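> Quick one, run.pdb (PDB, C-alpha atoms):
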ATOM      1  CA  MET A   1      11.376 -25.373   6.866
ATOM      2  CA  PRO A   2      14.907 -24.001   6.146
ATOM      3  CA  ASP A   3      17.599 -26.601   5.632
ATOM      4  CA  ALA A   4      20.408 -25.912   8.119
ATOM      5  CA  HIS A   5      22.866 -27.803   5.914
ATOM      6  CA  ASN A   6      21.799 -26.050   2.705
ATOM      7  CA  PRO A   7      20.516 -22.589   3.711
ATOM      8  CA  THR A   8      18.519 -20.378   1.393
ATOM      9  CA  ARG A   9      20.542 -17.739  -0.449
ATOM     10  CA  TRP A  10      18.772 -14.433  -0.903
ATOM     11  CA  LEU A  11      18.838 -12.368  -4.074
ATOM     12  CA  GLY A  12      18.597  -8.627  -3.444
ATOM     13  CA  LEU A  13      17.074  -6.867  -6.450
ATOM     14  CA  ASP A  14      17.308  -3.084  -6.798
ATOM     15  CA  VAL A  15      14.752  -2.305  -9.505
ATOM     16  CA  ALA A  16      14.761   0.659 -11.873
ATOM     17  CA  LYS A  17      12.786   1.502 -15.013
ATOM     18  CA  ALA A  18      14.944  -0.291 -17.590
ATOM     19  CA  THR A  19      17.305  -2.424 -15.498
ATOM     20  CA  PHE A  20      17.777  -4.019 -12.108
ATOM     21  CA  HIS A  21      20.865  -4.756 -10.059
ATOM     22  CA  ALA A  22      21.073  -8.164  -8.386
ATOM     23  CA  ALA A  23      23.230  -9.208  -5.442
ATOM     24  CA  LEU A  24      23.488 -12.742  -4.063
ATOM     25  CA  ALA A  25      23.951 -12.914  -0.296
ATOM     26  CA  CYS A  26      26.907 -14.981   0.908
ATOM     27  CA  VAL A  27      26.804 -17.623   3.612
ATOM     28  CA  ASP A  28      29.852 -15.928   5.119
ATOM     29  CA  ARG A  29      28.612 -12.521   6.288
ATOM     30  CA  ASN A  30      32.123 -11.087   6.030
ATOM     31  CA  ALA A  31      32.287 -11.869   2.301
ATOM     32  CA  ARG A  32      31.080  -9.288  -0.235
ATOM     33  CA  PRO A  33      28.043 -10.470  -2.217
ATOM     34  CA  PRO A  34      28.582 -10.743  -5.991
ATOM     35  CA  THR A  35      26.494  -8.330  -8.073
ATOM     36  CA  ARG A  36      25.391  -7.949 -11.666
ATOM     37  CA  GLU A  37      23.074  -5.733 -13.699
ATOM     38  CA  PHE A  38      20.250  -7.125 -15.866
ATOM     39  CA  ALA A  39      17.573  -5.724 -18.153
ATOM     40  CA  ARG A  40      14.205  -5.357 -16.445
ATOM     41  CA  SER A  41      12.496  -7.775 -18.813
ATOM     42  CA  PRO A  42      11.482 -11.438 -18.914
ATOM     43  CA  ASP A  43      14.842 -12.245 -20.542
ATOM     44  CA  GLY A  44      16.671 -10.280 -17.844
ATOM     45  CA  ALA A  45      14.805 -12.196 -15.123
ATOM     46  CA  ARG A  46      15.777 -15.486 -16.791
ATOM     47  CA  GLU A  47      19.436 -14.438 -17.004
ATOM     48  CA  CYS A  48      19.408 -13.396 -13.344
ATOM     49  CA  LEU A  49      18.100 -16.755 -12.167
ATOM     50  CA  ALA A  50      20.680 -18.584 -14.308
ATOM     51  CA  TRP A  51      23.455 -16.363 -12.911
ATOM     52  CA  ALA A  52      22.382 -17.038  -9.300
ATOM     53  CA  ALA A  53      22.029 -20.776  -9.931
ATOM     54  CA  ASN A  54      25.523 -20.873 -11.392
ATOM     55  CA  LEU A  55      26.948 -19.089  -8.329
ATOM     56  CA  ALA A  56      25.062 -21.297  -5.845
ATOM     57  CA  PRO A  57      24.268 -24.610  -7.587
ATOM     58  CA  GLY A  58      21.722 -26.750  -5.804
ATOM     59  CA  THR A  59      21.028 -24.073  -3.199
ATOM     60  CA  PRO A  60      17.452 -22.869  -2.476
ATOM     61  CA  LEU A  61      16.944 -19.274  -3.586
ATOM     62  CA  ALA A  62      14.651 -16.465  -2.484
ATOM     63  CA  ALA A  63      14.394 -12.885  -3.754
ATOM     64  CA  VAL A  64      13.592  -9.552  -2.131
ATOM     65  CA  MET A  65      12.961  -6.128  -3.646
ATOM     66  CA  GLU A  66      11.471  -2.829  -2.568
ATOM     67  CA  ALA A  67       7.957  -1.785  -3.518
ATOM     68  CA  THR A  68       8.668   0.540  -6.450
ATOM     69  CA  GLY A  69       5.351   1.227  -8.086
ATOM     70  CA  GLY A  70       4.941  -0.413 -11.465
ATOM     71  CA  TYR A  71       8.525  -1.695 -11.683
ATOM     72  CA  SER A  72       8.751  -4.318  -8.943
ATOM     73  CA  GLU A  73       5.439  -6.120  -9.531
ATOM     74  CA  PRO A  74       6.170  -7.158 -13.157
ATOM     75  CA  LEU A  75       9.657  -8.375 -12.211
ATOM     76  CA  ALA A  76       8.217 -10.447  -9.363
ATOM     77  CA  ARG A  77       5.657 -11.895 -11.780
ATOM     78  CA  TRP A  78       8.352 -12.834 -14.334
ATOM     79  CA  LEU A  79      10.475 -14.498 -11.647
ATOM     80  CA  ARG A  80       7.546 -16.531 -10.312
ATOM     81  CA  GLY A  81       6.600 -17.518 -13.858
ATOM     82  CA  LEU A  82      10.098 -18.865 -14.490
ATOM     83  CA  ARG A  83      10.401 -20.550 -11.097
ATOM     84  CA  PRO A  84       7.037 -20.919  -9.304
ATOM     85  CA  GLU A  85       8.661 -22.265  -6.118
ATOM     86  CA  LEU A  86      10.818 -19.130  -5.740
ATOM     87  CA  PRO A  87       9.697 -16.959  -2.762
ATOM     88  CA  VAL A  88       9.673 -13.298  -3.862
ATOM     89  CA  ALA A  89       9.271 -10.654  -1.140
ATOM     90  CA  ILE A  90       8.266  -7.052  -1.908
ATOM     91  CA  VAL A  91       9.010  -4.943   1.169
ATOM     92  CA  ASN A  92       8.456  -1.422   2.445
ATOM     93  CA  PRO A  93      11.374   0.789   1.252
ATOM     94  CA  ARG A  94      11.478   2.430   4.692
ATOM     95  CA  TRP A  95      12.426  -0.876   6.314
ATOM     96  CA  VAL A  96      15.327  -1.366   3.903
ATOM     97  CA  LYS A  97      16.478   2.237   4.279
ATOM     98  CA  HIS A  98      16.741   1.996   8.055
ATOM     99  CA  TYR A  99      18.349  -1.432   7.825
ATOM    100  CA  GLY A 100      20.953   0.000   5.443
ATOM    101  CA  LEU A 101      21.663   2.885   7.820
ATOM    102  CA  SER A 102      22.189   0.386  10.634
ATOM    103  CA  LEU A 103      24.989  -1.211   8.591
ATOM    104  CA  GLY A 104      26.920   2.055   8.652
ATOM    105  CA  GLY A 105      27.492   2.258   4.904
ATOM    106  CA  ARG A 106      28.430   5.562   3.295
ATOM    107  CA  ASP A 107      27.679   4.972  -0.388
ATOM    108  CA  LYS A 108      24.263   5.034  -2.059
ATOM    109  CA  THR A 109      24.372   3.329  -5.458
ATOM    110  CA  ASP A 110      22.207   0.742  -7.200
ATOM    111  CA  ARG A 111      24.877  -1.887  -6.598
ATOM    112  CA  VAL A 112      25.116  -1.062  -2.892
ATOM    113  CA  ASP A 113      21.316  -1.017  -2.580
ATOM    114  CA  ALA A 114      21.145  -4.517  -4.087
ATOM    115  CA  ILE A 115      23.719  -5.737  -1.546
ATOM    116  CA  VAL A 116      21.748  -4.175   1.322
ATOM    117  CA  LEU A 117      18.597  -5.904   0.070
ATOM    118  CA  ALA A 118      20.400  -9.251  -0.166
ATOM    119  CA  THR A 119      21.736  -9.029   3.398
ATOM    120  CA  PHE A 120      18.332  -7.793   4.601
ATOM    121  CA  GLY A 121      16.710 -10.871   3.091
ATOM    122  CA  GLN A 122      19.372 -13.224   4.448
ATOM    123  CA  GLU A 123      18.966 -11.841   7.967
ATOM    124  CA  ARG A 124      15.254 -10.981   8.194
ATOM    125  CA  HIS A 125      13.638 -13.581   5.893
ATOM    126  CA  PRO A 126      10.702 -11.377   4.807
ATOM    127  CA  SER A 127       7.463 -13.097   3.851
ATOM    128  CA  ALA A 128       6.806 -13.847   0.202
ATOM    129  CA  HIS A 129       4.574 -11.396  -1.630
ATOM    130  CA  VAL A 130       1.127 -12.774  -2.467
ATOM    131  CA  PRO A 131      -0.127 -11.213  -5.722
ATOM    132  CA  MET A 132      -3.701  -9.991  -5.963
ATOM    133  CA  PRO A 133      -6.187 -12.224  -7.809
ATOM    134  CA  GLU A 134      -6.840 -10.930 -11.322
ATOM    135  CA  PRO A 135     -10.195  -9.191 -10.622
ATOM    136  CA  TYR A 136      -8.516  -7.149  -7.867
ATOM    137  CA  SER A 137      -5.352  -6.440  -9.898
ATOM    138  CA  VAL A 138      -7.443  -5.051 -12.789
ATOM    139  CA  LEU A 139      -9.392  -2.912 -10.327
ATOM    140  CA  HIS A 140      -6.089  -1.805  -8.774
ATOM    141  CA  ALA A 141      -4.790  -0.591 -12.151
ATOM    142  CA  MET A 142      -7.940   1.414 -12.890
ATOM    143  CA  VAL A 143      -8.093   2.936  -9.388
ATOM    144  CA  ARG A 144      -4.456   4.040  -9.614
ATOM    145  CA  GLU A 145      -4.999   5.566 -13.072
ATOM    146  CA  ARG A 146      -8.047   7.448 -11.819
ATOM    147  CA  GLU A 147      -6.072   8.888  -8.924
ATOM    148  CA  ALA A 148      -3.247   9.996 -11.238
ATOM    149  CA  LEU A 149      -5.696  11.675 -13.624
ATOM    150  CA  LEU A 150      -7.512  13.380 -10.752
ATOM    151  CA  LYS A 151      -4.251  14.808  -9.394
ATOM    152  CA  ALA A 152      -3.254  16.049 -12.837
ATOM    153  CA  ALA A 153      -6.669  17.618 -13.422
ATOM    154  CA  LEU A 154      -6.618  19.425 -10.073
ATOM    155  CA  ALA A 155      -3.108  20.742 -10.779
ATOM    156  CA  ALA A 156      -4.201  21.959 -14.219
ATOM    157  CA  GLU A 157      -7.295  23.650 -12.757
ATOM    158  CA  ASN A 158      -5.115  25.441 -10.209
ATOM    159  CA  ARG A 159      -2.909  26.739 -13.039
ATOM    160  CA  ASP A 160      -6.013  27.717 -14.985
ATOM    161  CA  GLU A 161      -6.948  30.157 -12.233
ATOM    162  CA  LEU A 162      -3.786  32.142 -12.961
ATOM    163  CA  PRO A 163      -3.918  34.763 -15.746
ATOM    164  CA  SER A 164      -2.282  33.671 -18.989
ATOM    165  CA  GLY A 165      -0.559  35.967 -21.465
ATOM    166  CA  SER A 166      -1.592  33.743 -24.365
ATOM    167  CA  ALA A 167      -5.101  32.971 -25.538
ATOM    168  CA  VAL A 168      -3.802  29.826 -27.260
ATOM    169  CA  ALA A 169      -2.159  28.593 -24.055
ATOM    170  CA  GLN A 170      -5.398  29.211 -22.156
ATOM    171  CA  GLU A 171      -7.401  27.346 -24.790
ATOM    172  CA  VAL A 172      -5.018  24.359 -24.789
ATOM    173  CA  ARG A 173      -5.077  24.220 -21.000
ATOM    174  CA  GLY A 174      -8.877  24.196 -20.975
ATOM    175  CA  ALA A 175      -8.979  21.413 -23.577
ATOM    176  CA  ILE A 176      -6.563  19.305 -21.519
ATOM    177  CA  ILE A 177      -8.676  19.774 -18.386
ATOM    178  CA  ARG A 178     -11.843  18.728 -20.235
ATOM    179  CA  GLU A 179     -10.053  15.676 -21.654
ATOM    180  CA  MET A 180      -8.791  14.600 -18.242
ATOM    181  CA  LYS A 181     -12.234  15.008 -16.662
ATOM    182  CA  ALA A 182     -13.710  12.914 -19.468
ATOM    183  CA  GLY A 183     -11.064  10.269 -18.744
ATOM    184  CA  ILE A 184     -12.007  10.245 -15.064
ATOM    185  CA  GLN A 185     -15.686   9.777 -15.939
ATOM    186  CA  ARG A 186     -14.788   6.944 -18.319
ATOM    187  CA  LEU A 187     -12.725   5.242 -15.616
ATOM    188  CA  ASP A 188     -15.535   5.641 -13.071
ATOM    189  CA  ALA A 189     -17.889   3.868 -15.459
ATOM    190  CA  ALA A 190     -15.327   1.148 -16.229
ATOM    191  CA  ILE A 191     -14.599   0.572 -12.524
ATOM    192  CA  LEU A 192     -18.282   0.136 -11.712
ATOM    193  CA  ALA A 193     -18.813  -2.142 -14.724
ATOM    194  CA  HIS A 194     -15.814  -4.270 -13.722
ATOM    195  CA  ILE A 195     -17.114  -4.630 -10.164
ATOM    196  CA  LYS A 196     -20.634  -5.540 -11.302
ATOM    197  CA  ALA A 197     -19.266  -8.134 -13.743
ATOM    198  CA  ASP A 198     -17.647 -10.105 -10.898
ATOM    199  CA  GLU A 199     -20.131 -11.606  -8.443
ATOM    200  CA  ALA A 200     -17.719 -11.681  -5.470
ATOM    201  CA  LEU A 201     -16.448  -8.145  -6.066
ATOM    202  CA  HIS A 202     -19.973  -6.811  -6.433
ATOM    203  CA  ALA A 203     -21.151  -8.470  -3.222
ATOM    204  CA  ASP A 204     -18.253  -6.939  -1.260
ATOM    205  CA  TYR A 205     -18.779  -3.545  -2.910
ATOM    206  CA  ARG A 206     -22.449  -3.469  -1.888
ATOM    207  CA  ILE A 207     -21.507  -4.212   1.722
ATOM    208  CA  LEU A 208     -18.904  -1.428   1.794
ATOM    209  CA  VAL A 209     -21.140   1.278   0.294
ATOM    210  CA  SER A 210     -23.834   0.417   2.858
ATOM    211  CA  ILE A 211     -21.610   2.042   5.510
ATOM    212  CA  ALA A 212     -22.264   5.724   6.220
ATOM    213  CA  GLY A 213     -19.505   7.828   4.662
ATOM    214  CA  ILE A 214     -18.261   5.104   2.298
ATOM    215  CA  GLY A 215     -19.187   6.023  -1.259
ATOM    216  CA  PRO A 216     -18.339   4.405  -4.606
ATOM    217  CA  VAL A 217     -14.911   6.055  -4.926
ATOM    218  CA  VAL A 218     -13.803   5.044  -1.426
ATOM    219  CA  ALA A 219     -15.212   1.513  -1.682
ATOM    220  CA  SER A 220     -13.600   0.795  -5.056
ATOM    221  CA  GLY A 221     -10.376   2.480  -3.910
ATOM    222  CA  ILE A 222     -10.122   0.357  -0.760
ATOM    223  CA  MET A 223     -10.811  -2.827  -2.725
ATOM    224  CA  GLY A 224      -8.327  -1.872  -5.432
ATOM    225  CA  GLU A 225      -5.542  -0.963  -3.015
ATOM    226  CA  LEU A 226      -5.996  -3.672  -0.366
ATOM    227  CA  GLY A 227      -7.690  -6.497  -2.227
ATOM    228  CA  ASP A 228      -9.902  -8.767  -0.139
ATOM    229  CA  LEU A 229      -9.897  -7.404   3.424
ATOM    230  CA  ARG A 230     -10.588 -10.909   4.741
ATOM    231  CA  ARG A 231      -6.946 -11.794   4.045
ATOM    232  CA  PHE A 232      -5.980  -9.890   7.210
ATOM    233  CA  GLU A 233      -6.184 -12.258  10.166
ATOM    234  CA  ASP A 234      -7.507  -9.637  12.570
ATOM    235  CA  ALA A 235      -8.315  -5.933  12.864
ATOM    236  CA  ARG A 236      -4.979  -5.129  14.512
ATOM    237  CA  LYS A 237      -2.989  -6.424  11.535
ATOM    238  CA  LEU A 238      -5.182  -4.447   9.154
ATOM    239  CA  SER A 239      -4.695  -1.243  11.178
ATOM    240  CA  SER A 240      -0.947  -1.818  11.274
ATOM    241  CA  PHE A 241      -0.748  -2.535   7.530
ATOM    242  CA  THR A 242      -2.633   0.642   6.630
ATOM    243  CA  GLY A 243      -0.645   2.841   9.026
ATOM    244  CA  LEU A 244      -3.638   3.620  11.252
ATOM    245  CA  ALA A 245      -2.290   1.880  14.349
ATOM    246  CA  PRO A 246      -1.172   4.263  17.124
ATOM    247  CA  LYS A 247       2.551   4.894  17.503
ATOM    248  CA  HIS A 248       3.727   5.396  21.095
ATOM    249  CA  ARG A 249       6.755   7.468  22.180
ATOM    250  CA  ARG A 250       7.675   6.833  25.796
ATOM    251  CA  SER A 251      11.158   6.648  27.259
ATOM    252  CA  GLY A 252      12.282   7.101  30.851
ATOM    253  CA  THR A 253      10.683   9.973  32.708
ATOM    254  CA  SER A 254      11.272  12.794  30.231
ATOM    255  CA  VAL A 255       9.613  11.442  27.060
ATOM    256  CA  ASN A 256       5.896  10.717  27.238
ATOM    257  CA  ALA A 257       4.463  12.016  23.986
ATOM    258  CA  PRO A 258       0.815  11.388  23.051
ATOM    259  CA  PRO A 259       0.220   8.505  20.600
ATOM    260  CA  ARG A 260       0.381   9.393  16.914
ATOM    261  CA  MET A 261      -0.655   7.650  13.712
ATOM    262  CA  SER A 262       2.239   5.459  12.540
ATOM    263  CA  LYS A 263       1.722   6.406   8.839
ATOM    264  CA  GLN A 264       3.410   3.246   7.661
ATOM    265  CA  GLY A 265       1.942   1.447   4.695
ATOM    266  CA  ASN A 266      -0.175   2.763   1.832
ATOM    267  CA  PRO A 267      -0.898   6.529   2.085
ATOM    268  CA  ARG A 268      -3.699   6.260  -0.497
ATOM    269  CA  ILE A 269      -5.774   4.275   1.989
ATOM    270  CA  ARG A 270      -5.395   6.999   4.600
ATOM    271  CA  ARG A 271      -6.410   9.707   2.107
ATOM    272  CA  LEU A 272      -9.562   7.795   1.201
ATOM    273  CA  LEU A 273     -10.490   7.176   4.824
ATOM    274  CA  TYR A 274      -9.733  10.789   5.771
ATOM    275  CA  MET A 275     -12.354  12.072   3.319
ATOM    276  CA  SER A 276     -14.857   9.457   4.534
ATOM    277  CA  ALA A 277     -14.237  10.356   8.172
ATOM    278  CA  LEU A 278     -14.820  14.048   7.427
ATOM    279  CA  THR A 279     -18.168  13.152   5.873
ATOM    280  CA  VAL A 280     -19.133  10.897   8.791
ATOM    281  CA  ILE A 281     -18.420  13.367  11.601
ATOM    282  CA  ARG A 282     -20.680  15.963   9.988
ATOM    283  CA  GLY A 283     -23.656  13.598  10.024
ATOM    284  CA  ASP A 284     -26.112  12.267  12.590
ATOM    285  CA  ASN A 285     -24.702   8.847  13.403
ATOM    286  CA  ASP A 286     -22.937   6.957  16.171
ATOM    287  CA  LEU A 287     -19.463   7.617  14.774
ATOM    288  CA  ALA A 288     -20.156  11.359  14.814
ATOM    289  CA  THR A 289     -21.324  10.959  18.426
ATOM    290  CA  ILE A 290     -18.082   9.195  19.317
ATOM    291  CA  TYR A 291     -16.053  11.915  17.597
ATOM    292  CA  ARG A 292     -17.807  14.736  19.465
ATOM    293  CA  SER A 293     -17.441  12.864  22.745
ATOM    294  CA  ASP A 294     -13.702  12.447  22.139
ATOM    295  CA  ILE A 295     -13.370  16.196  21.510
ATOM    296  CA  THR A 296     -15.364  16.978  24.661
ATOM    297  CA  ARG A 297     -13.058  14.719  26.695
ATOM    298  CA  GLY A 298     -10.004  16.652  25.483
ATOM    299  CA  LYS A 299      -8.739  14.722  22.459
ATOM    300  CA  PRO A 300      -7.219  16.919  19.718
ATOM    301  CA  PRO A 301      -9.485  16.983  16.635
ATOM    302  CA  LYS A 302      -6.881  15.273  14.421
ATOM    303  CA  VAL A 303      -6.402  12.443  16.909
ATOM    304  CA  ALA A 304     -10.168  11.974  17.213
ATOM    305  CA  LEU A 305     -10.507  11.959  13.413
ATOM    306  CA  VAL A 306      -7.827   9.263  13.075
ATOM    307  CA  GLY A 307      -9.821   7.209  15.571
ATOM    308  CA  ILE A 308     -12.861   7.446  13.278
ATOM    309  CA  MET A 309     -10.721   6.456  10.287
ATOM    310  CA  ARG A 310      -9.497   3.382  12.147
ATOM    311  CA  ARG A 311     -13.042   2.443  13.212
ATOM    312  CA  LEU A 312     -14.226   2.701   9.592
ATOM    313  CA  MET A 313     -11.399   0.464   8.380
ATOM    314  CA  VAL A 314     -12.038  -2.158  11.073
ATOM    315  CA  LEU A 315     -15.794  -2.000  10.446
ATOM    316  CA  MET A 316     -15.325  -2.654   6.721
ATOM    317  CA  ARG A 317     -13.312  -5.800   7.381
ATOM    318  CA  ALA A 318     -15.742  -7.036  10.056
ATOM    319  CA  LEU A 319     -18.778  -6.682   7.782
ATOM    320  CA  LEU A 320     -17.027  -8.490   4.930
ATOM    321  CA  VAL A 321     -16.025 -11.326   7.269
ATOM    322  CA  GLU A 322     -19.623 -11.578   8.507
ATOM    323  CA  ASN A 323     -20.942 -11.100   4.943
ATOM    324  CA  ARG A 324     -23.698  -8.673   5.869
ATOM    325  CA  PRO A 325     -24.488  -5.014   5.156
ATOM    326  CA  PHE A 326     -24.087  -2.251   7.693
ATOM    327  CA  GLU A 327     -26.652  -1.647  10.410
ATOM    328  CA  ARG A 328     -26.403   0.993  13.098
ATOM    329  CA  HIS A 329     -25.927  -1.490  15.935
ATOM    330  CA  HIS A 330     -22.637  -2.650  14.378
ATOM    331  CA  ILE A 331     -20.944   0.429  15.880
ATOM    332  CA  LYS A 332     -20.278  -0.178  19.553
ATOM    333  CA  VAL A 333     -20.660   3.006  21.602
ATOM    334  CA  ARG A 334     -19.183   2.799  25.080
ATOM    335  CA  PRO A 335     -21.022   4.612  27.913
ATOM    336  CA  GLU A 336     -18.377   7.315  28.109
ATOM    337  CA  GLU A 337     -18.821   7.949  24.364
ATOM    338  CA  ALA A 338     -22.566   8.408  24.535
ATOM    339  CA  ALA A 339     -23.999  11.810  23.683
ATOM    340  CA  THR A 340     -24.380  14.219  26.601
ATOM    341  CA  ASP A 341     -26.648  17.215  26.953
TER     342      ASP A 341
END
Rewrite the coordinates I just gave you, this time as structure tokens.


Amino acid sequence: MPDAHNPTRWLGLDVAKATFHAALACVDRNARPPTREFARSPDGARECLAWAANLAPGTPLAAVMEATGGYSEPLARWLRGLRPELPVAIVNPRWVKHYGLSLGGRDKTDRVDAIVLATFGQERHPSAHVPMPEPYSVLHAMVREREALLKAALAAENRDELPSGSAVAQEVRGAIIREMKAGIQRLDAAILAHIKADEALHADYRILVSIAGIGPVVASGIMGELGDLRRFEDARKLSSFTGLAPKHRRSGTSVNAPPRMSKQGNPRIRRLLYMSALTVIRGDNDLATIYRSDITRGKPPKVALVGIMRRLMVLMRALLVENRPFERHHIKVRPEEAATD
């Protein structure tokens, strides 16, 4: 519980490739938080904690930073290693952006961003980031690398379709494409080997691939991006976290827009589920029946497809919680969704 007589002071950390700017929130909201730049390294993290402790001796500290790919996670790990009791929050950059706009600031610099993060933490008290267990973090790294290679290979193949004025350039391009495809195949093998080597991962993987439309790439991708789906308390929180929860726009009598996908959270999850949903609706299964029924009842195809994506996500979590493979009766078809002649 927070100590009213000795409140937590929040460190806002704006993280870049080589450095990070730190700002320490003030108890007096009218005061300007002190700031300083540090190297994004274990030594820089140690210097930052010493600097904050010197400014606020004996005061509990917490830190908040934006999710910035491979830059924020290592810094959070260094900070926790130096001070295990330190809460470190890693938040959605969109939240911080809109919070900063609400403050009415005009400037956009690293120093200002650190101050916005510090005041965001002091006011909102975001939850501490819980790092993935090692088996999931290793899987996460391989899944991300596979996705990056796949994107690069597809871009190179698209360029390869264009005529080239140089035979050497064409040859080099072809060699690069072959090398990237070989890298993807190597990662696929490594991902599967890593999953099979861990009993818990392998058990979850087998449950996920038992679901129609969920293949090895989607199953390993979901596990690598989200970790253990059981960590979500209920299906609604999982849908919200992945950006699949409906977003409503209603105001007064003039605004009554149809619900849309919120698109908050990890877009990679939505891309994986989109491809799975496309596969599912083309098959002979209850989810395809539900999709066709939704279309018949007037739902736009994209809205109906998002509904299938959400059902797949919720189904994956439910089966993992129950620890059993998929069976057809696990999909609940309401009477109005039943197939009609």

> Report as a ChimeraX atom specification all protein, DNA and RNA residues lying within 7 Å of region 36-44 of chain A, evaluated on all atoms listed in the file, omitting residues in the same chain fewer than 5 positions from it.

/A:18-23,75,78

> Translate the PyMOL selection byres ((chain A and resi 308) around 10), as applied to the file shown, into an explicit residue set as number ranges by chain.

A: 273-274, 276-278, 280-281, 287-288, 290-291, 302-307, 309-314

> What residues come out when you apply the PyMOL selection byres ((chain A and resi 152) around 12) to this file, written as number ranges by chain?

A: 145-151, 153-159, 173, 176-181, 183-184

> Find the residues around region 53-66 of chain A up to 8 Å (all atoms listed in the file counted), leave out those fewer than 6 positions away in its own chain, and share them as a PDB file with C-alpha atoms, keeping the file's coordinate frame.


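As written to disk, around-v1.pdb reads:
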ATOM      1  CA  ASN A   6      21.799 -26.050   2.705  1.00  0.00           C
ATOM      2  CA  PRO A   7      20.516 -22.589   3.711  1.00  0.00           C
ATOM      3  CA  THR A   8      18.519 -20.378   1.393  1.00  0.00           C
ATOM      4  CA  ARG A   9      20.542 -17.739  -0.449  1.00  0.00           C
ATOM      5  CA  TRP A  10      18.772 -14.433  -0.903  1.00  0.00           C
ATOM      6  CA  LEU A  11      18.838 -12.368  -4.074  1.00  0.00           C
ATOM      7  CA  GLY A  12      18.597  -8.627  -3.444  1.00  0.00           C
ATOM      8  CA  LEU A  13      17.074  -6.867  -6.450  1.00  0.00           C
ATOM      9  CA  ASP A  14      17.308  -3.084  -6.798  1.00  0.00           C
ATOM     10  CA  VAL A  15      14.752  -2.305  -9.505  1.00  0.00           C
ATOM     11  CA  SER A  72       8.751  -4.318  -8.943  1.00  0.00           C
ATOM     12  CA  LEU A  86      10.818 -19.130  -5.740  1.00  0.00           C
ATOM     13  CA  PRO A  87       9.697 -16.959  -2.762  1.00  0.00           C
ATOM     14  CA  VAL A  88       9.673 -13.298  -3.862  1.00  0.00           C
ATOM     15  CA  ALA A  89       9.271 -10.654  -1.140  1.00  0.00           C
ATOM     16  CA  ILE A  90       8.266  -7.052  -1.908  1.00  0.00           C
ATOM     17  CA  VAL A  91       9.010  -4.943   1.169  1.00  0.00           C
ATOM     18  CA  ASN A  92       8.456  -1.422   2.445  1.00  0.00           C
ATOM     19  CA  PRO A  93      11.374   0.789   1.252  1.00  0.00           C
ATOM     20  CA  VAL A  96      15.327  -1.366   3.903  1.00  0.00           C
ATOM     21  CA  LEU A 117      18.597  -5.904   0.070  1.00  0.00           C
ATOM     22  CA  ALA A 118      20.400  -9.251  -0.166  1.00  0.00           C
ATOM     23  CA  GLY A 121      16.710 -10.871   3.091  1.00  0.00           C
ATOM     24  CA  PRO A 126      10.702 -11.377   4.807  1.00  0.00           C
TER      25      PRO A 126
END

> The PyMOL selection byres ((chain A and resi 228-239) around 9) - which residues does that actually catch in the file I just gave you? List them as a list in words.

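Evaluating the PyMOL selection byres ((chain A and resi 228-239) around 9) on this file yields Met132, Tyr136, Leu201, Asp204, Ile222, Met223, Gly224, Leu226, Gly227, Ser240, Phe241, Thr242, Gly243, Leu244, Ala245, Pro246, Arg310, Met313, Val314, Leu315, Met316, Arg317, Ala318, Leu320 and Val321 of chain A.
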
> Go ahead and compute the interatomic distance for CA of Lys196 (chain A) and CA of Val217 (chain A), in Å to one decimal.

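For CA of Lys196 (chain A) relative to CA of Val217 (chain A), the distance reads 14.4 Å.
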